[in-house]
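Working notes, structure below.
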Amino acid sequence: MLTKLGLDNFKVFEKKQELNFGKKFTLIYGSNSSGKSSLFQAIQIIKETLNTPDSGFKYLGIQGEMNDFINKKDRSKEKKMKIFFEAEISFANSIRSFPVGMGYGFQNISRILDNYQNVIYPIKLGVEIIVKLEKDDTKLENISFKLKFDYDFLGKKKGILDSEADSVKKRIKERSNYIDTKEILILELEYLEKLQRKNVKKYFPHFRGKIDNSLIKNFSIYKTKNVIEDKLFWYDWWEFTRKFITESETEEKLLEKERYAEIRRIKKKISLLKKEKEKLFTIRDDEKIKNLEIEIKKIDRSLKEEGSYRDRNFQRSFPIEIIRILKQLKTFDKFRSFMIKDLKENLNFTSSYIDFSRNVGQMFDSGYAFRTLKAEGNTILEKISNSLRFGRLYGRQARLPLTNISRVPEIFLTMLNRQVFKNIYTVHSTESEFNDSYRLRQENYKSVGRDGKNTPYILIKDRKTLASVNKVLENAMNIKLSLSKGRLQGENHFIFKAKDSFSGEMNDTIKMKLAGKGFNSIIPYLTEIMMHENCMILLEEIENSLHPRIISPLIDSLLTITNKNKYVLETHSKHIILKLQQLVKNKKINKEDVAVNYIERGRDGSKINHIPLDDNGDFTVSWPEGGFFPEESKIILG
């Protein structure tokens with residue numbers, strides 16, 4: 001779930017600003033044109049970009065014209081904007097989401113956590129994106145990937161703790177003084193240039209694939225600007241390389257012994273064949289003598305060959321040049337410095353827009369050529385990873401963090417898309433109104449859509465969602481939806497009507513258009529909420545056309561629903577915050593469940609003010625601009 005969103009030089013946000021998220025409710029207040037909708041647009045940009053990563057940055061609301069999002073006051077020659085976000089990932093589910101063989105998948109990152117005592121999940125993945133505007137186009141100039149987690153640094157053993165388990169909650173409370181937060185920059189990439197036929201060999205010297213201009217025209221080349229420096233991470237690799245060297249020496253001695261035994265065997269066989277040849281001279285069997293001479297030459301030639309399969313396998317498993325470099329790095333600090341410097345200078349990435357899974361380096365440099373004895377890859381880390389595929393230490397590579405470092409961007413972005421952004425839905429339905437009748441459609445809609453137009457077709461097919469919506473409508477408004485089926489021009493039609501709960505008559509219904517705008521407009525919001533589980537629902541101006549009396553039972557209903565959804569409300573309603581303050585005061589929810597953000601616009605752009613609540617539901621800081629909704633006092637006092 002999304003836990004942080006930051007913007008810099010994005011529309012009205014001239015300077016870096018962050019939105020605070022509550023565990024259940026996030027409220028966004030502010031006057032018109034202050035920047036409330038810009039926050040939703042930023043989330044939508046990320047969602048649409050990750051969902052179709054090979055199409056570049058886009059926002060469907062403006063046909064992908066990203067130049068409209070750069071702050072208009074920015075007079076600098078290079079126009080840039082920054083979007084950064086952080087999201088919670090359920091660790092156990094993440095491991096199951098990807099294959100773990102050969103160190104791929106999220107386990108590639110999870111091995112970092114194995115170095116810490118009792119890691120508490122969910123953990124957080126953070127991504128920071130710097131977008132540069134070039135004429136009417138945008139390009140990803142810089143992207144960084146961070147890992148953030150809590151852990152018990154004095155714990156007696158290593159393990160993963162589920163923060164939702166009661167026993168873990170108790171332990172966290174008891175050992176709060178020993179719980180530390182760690183944030184690690186895993187990788188930061190910087191744009192270099194477009195990939196072209198002429199520079200493929202420059203950046204990927206081991207590239208053996210066919211250079212297809214149509215394939216590479218959308219690829220960009222990125223260099224590694226920064227990489228993880230954490231000592232605990234590199235200590236794992238340090239210990240492994242010492243074993244790697246020792247194993248190499250042991251294997252070499254064993255191989256030498258095998259070679260010596262093989263040479264003795266071959267020489268002995270040649271000697272026996274020569275004696276047999278001498279005997280044949282006495283009986284003058286020329287044909288047999290000729291065959292023996294051919295066999296002797298063939299066997300003798302095997303002594304001069306480069307080596308057997310075992311020799312070649314040894315050279316692949318323990319490349320001489322890598323072992324020589326590792327032996328020179330005699331201390332941990334020298335080893336760590338060398339590896340980090342090597343990655344920064346030599347680790348290159350390619351992407352088609354933001355889709356790093358299309359990585360030329362990964363597809364070809366990371367693949368080991370069976371016909372060559374040279375370890376491939378541009379960095380020592382890649383070469384060691386590739387050589388592990390052939391040696392007896394193969395099984396250990398899955399236990400090393402970032403064995404396949406080229407997969408890191410793909411893992412991050414795919415994980416965030418699957419678990420976070422595909423589960424974010426936006427509804428703004430102030431103009432929603434039901435028609436007289438509907439024909440059944442074949443499409444299975446996953447969302448009501450931003451304007452709520454898919455709502456009737458969802459409710460026609462999903463009677464469970466309809467029942468849930470009706471339950472809330474009845475509790476909040478004493479009115480519910482009635483759905484009936486009829487025939488029109490030989491086809492099935494579905495008709496929605498409003499039924500007053502106070503009426504005892506079965507057929508006492510009215511057309512939706514006569515039921516009132518408030519009743520019509522709230523249904524898409526409720527449908528979106530009821531049809532999802534463990535999702536984040538962005539609700540724009542949910543209070544529109546609703547009487548304040550409806551707000552309290554509506555919020556109560558959202559709390560009693562068991563779908564574990566979280567809500568972000570862009571609103572002008574004071575009654576929503578008053579209701580949530582009441583719930584905190586009455587201990588129905590915790591103060592951490594609510595985050596109040598007030599956007600205040602000034603000459604230097606918009607600023608996001610965070611207004612926390614205390615245990616009694618009171619504001620801990622003053623409301624901006626002179627108090628909580630001061631407009632009322634201004635109007636009353638004239």
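In the structure tokens, each chain is lettered A, B, ... as it comes, each chain's residues begin at 1, and ligands are numbered from 1 in order of appearance.
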
Strand (DSSP E) positions in segment 452-554 of chain A, given as a short mmCIF file (atom, residue, chain, number, x, y, z; two decimals) with C-alpha atoms, in the first residue's frame:
data_model
loop_
_atom_site.label_atom_id
_atom_site.label_comp_id
_atom_site.auth_asym_id
_atom_site.auth_seq_id
_atom_site.Cartn_x
_atom_site.Cartn_y
_atom_site.Cartn_z
CA ILE A 479 -33.06 4.27 0.75
CA LYS A 480 -31.70 1.49 -1.45
CA LEU A 481 -31.40 0.28 -5.02
CA SER A 482 -33.99 -1.93 -6.62
CA LEU A 483 -32.91 -3.93 -9.68
CA SER A 484 -35.43 -5.54 -11.99
CA LYS A 485 -35.31 -7.34 -15.32
CA GLY A 486 -37.53 -6.76 -18.33
CA ARG A 487 -37.85 -7.23 -22.09
CA LEU A 488 -37.47 -4.41 -24.59
CA GLU A 491 -33.75 -8.13 -25.55
CA ASN A 492 -33.22 -8.33 -21.80
CA HIS A 493 -33.02 -4.93 -20.13
CA PHE A 494 -32.18 -4.09 -16.53
CA ILE A 495 -33.88 -1.28 -14.69
CA PHE A 496 -32.62 0.44 -11.52
CA LYS A 497 -35.01 2.22 -9.22
CA ALA A 498 -34.81 3.77 -5.78
CA LYS A 499 -36.81 2.21 -2.95
CA ASP A 500 -37.57 4.09 0.26
CA THR A 509 -40.13 2.61 -6.11
CA ILE A 510 -39.24 5.66 -8.17
CA LYS A 511 -37.02 6.27 -11.15
CA MET A 536 -6.51 2.05 -1.88
CA ILE A 537 -9.55 3.99 -3.07
CA LEU A 538 -9.05 7.65 -4.04
CA LEU A 539 -12.34 9.47 -3.51
CA GLU A 540 -12.68 12.97 -4.93
#

Determine, counting only C-alpha atoms, which protein, DNA and RNA residues have an atom within 12 Å of an atom of Leu559 of chain A; residues of the same chain fewer than 2 positions away are not included. Present the result as an MDAnalysis selection string.
-> chainID A and resid 24:25 472 529 552:557 561:567 579:580 583 588:589 593

Given the selection you just returned, output its residues as a file containing C-alpha atoms, formatted as a PDB file, in the first residue's frame.
ATOM      1  CA  LYS A  24      -6.976   3.899   7.142  1.00  0.00           C
ATOM      2  CA  PHE A  25      -7.977   7.447   6.154  1.00  0.00           C
ATOM      3  CA  VAL A 472     -24.684   1.116   3.418  1.00  0.00           C
ATOM      4  CA  ILE A 529     -15.349   0.459  -2.288  1.00  0.00           C
ATOM      5  CA  SER A 552     -21.499  10.240   9.963  1.00  0.00           C
ATOM      6  CA  PRO A 553     -23.271   6.951   9.124  1.00  0.00           C
ATOM      7  CA  LEU A 554     -21.314   6.802   5.855  1.00  0.00           C
ATOM      8  CA  ILE A 555     -17.939   6.903   7.666  1.00  0.00           C
ATOM      9  CA  ASP A 556     -19.252   4.410  10.230  1.00  0.00           C
ATOM     10  CA  SER A 557     -20.119   2.057   7.383  1.00  0.00           C
ATOM     11  CA  ILE A 561     -16.604  -3.141   6.179  1.00  0.00           C
ATOM     12  CA  THR A 562     -14.140  -6.036   6.437  1.00  0.00           C
ATOM     13  CA  ASN A 563     -12.428  -5.569   3.047  1.00  0.00           C
ATOM     14  CA  LYS A 564      -9.397  -3.801   4.620  1.00  0.00           C
ATOM     15  CA  ASN A 565      -9.461  -1.008   2.059  1.00  0.00           C
ATOM     16  CA  LYS A 566      -7.760   2.327   2.696  1.00  0.00           C
ATOM     17  CA  TYR A 567      -9.243   5.635   1.663  1.00  0.00           C
ATOM     18  CA  LYS A 579     -16.436  12.549  12.465  1.00  0.00           C
ATOM     19  CA  LEU A 580     -12.944  11.046  12.345  1.00  0.00           C
ATOM     20  CA  LEU A 583     -13.905   8.179  16.296  1.00  0.00           C
ATOM     21  CA  LYS A 588     -12.900   3.387  17.641  1.00  0.00           C
ATOM     22  CA  ILE A 589      -9.764   4.057  15.591  1.00  0.00           C
ATOM     23  CA  ASP A 593      -5.275   5.641  11.205  1.00  0.00           C
TER      24      ASP A 593
END

Hey, what's within 6 Å of segment 607-617 of chain A if we count only C-alpha atoms and toss same-chain stuff fewer than 5 positions away? As an NGL selection string, please?
-> :A and (581 or 584-585 or 591 or 596-600)

Pick out the residues sitting within 9 Å of Ser38 of chain A, and hand them over as a compact mmCIF listing (two decimals) with C-alpha atoms, in the first residue's frame; count only C-alpha atoms, and ignore anything fewer than 4 positions along from it in its own chain.
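The resulting file, out14.txt, is shown below:
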# COMPACT_ATOMS: atom_id res chain seq x y z
CA PHE A 10 5.27 19.45 -10.23
CA LYS A 11 2.48 21.87 -11.26
CA VAL A 12 1.81 24.19 -8.27
CA PHE A 13 4.34 22.38 -6.05
CA SER A 34 -4.33 24.76 -4.39
CA ALA A 42 0.71 12.19 -9.80
CA ILE A 43 -0.52 8.84 -8.48
CA PHE A 69 2.91 19.01 -15.31

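Close contacts of Tyr121 of chain A, defined as residues with an atom at most 8 Å away when counting only C-alpha atoms, with chain neighbours fewer than 2 positions off set aside, comprise A:Ile89, A:Ser90, A:Phe91, A:Val119, A:Ile123, A:Phe149, A:Asp150, A:Ile160, A:Leu161, A:Asp162, A:Ser163.
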
Excluding Lys231 of chain A and residues on its chain fewer than 4 positions from it, collect all residues at most 9 Å away from it, counting only C-alpha atoms, and give them as a PyMOL selection string.
-> chain A and resi 235-236+333+336

Expected file: the selected residues, C-alpha atoms, as a PDB file, in the first residue's frame:
ATOM      1  CA  TYR A 235      30.223  -8.799   4.126  1.00  0.00           C
ATOM      2  CA  ASP A 236      28.166 -11.686   2.758  1.00  0.00           C
ATOM      3  CA  ASP A 333      37.412  -2.592   3.132  1.00  0.00           C
ATOM      4  CA  ARG A 336      34.034  -3.461  -0.695  1.00  0.00           C
TER       5      ARG A 336
END

Report the distance between atom CA of Phe85 of chain A and atom CA of Lys4 of chain A in Å, rounded to one decimal place.
-> 5.2 Å

Quick one, how far is atom CA of Arg358 of chain A from atom CA of Lys217 of chain A?
-> 12.3 Å

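Interatomic distance, atom CA of Ala515 of chain A against atom CA of Asn32 of chain A: 29.2 Å.
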
With only C-alpha atoms as the atoms that count, which of A:Ser144, A:Ser37, A:Thr52, A:Ser220 lies nearest to Tyr353 of chain A?
-> A:Ser220
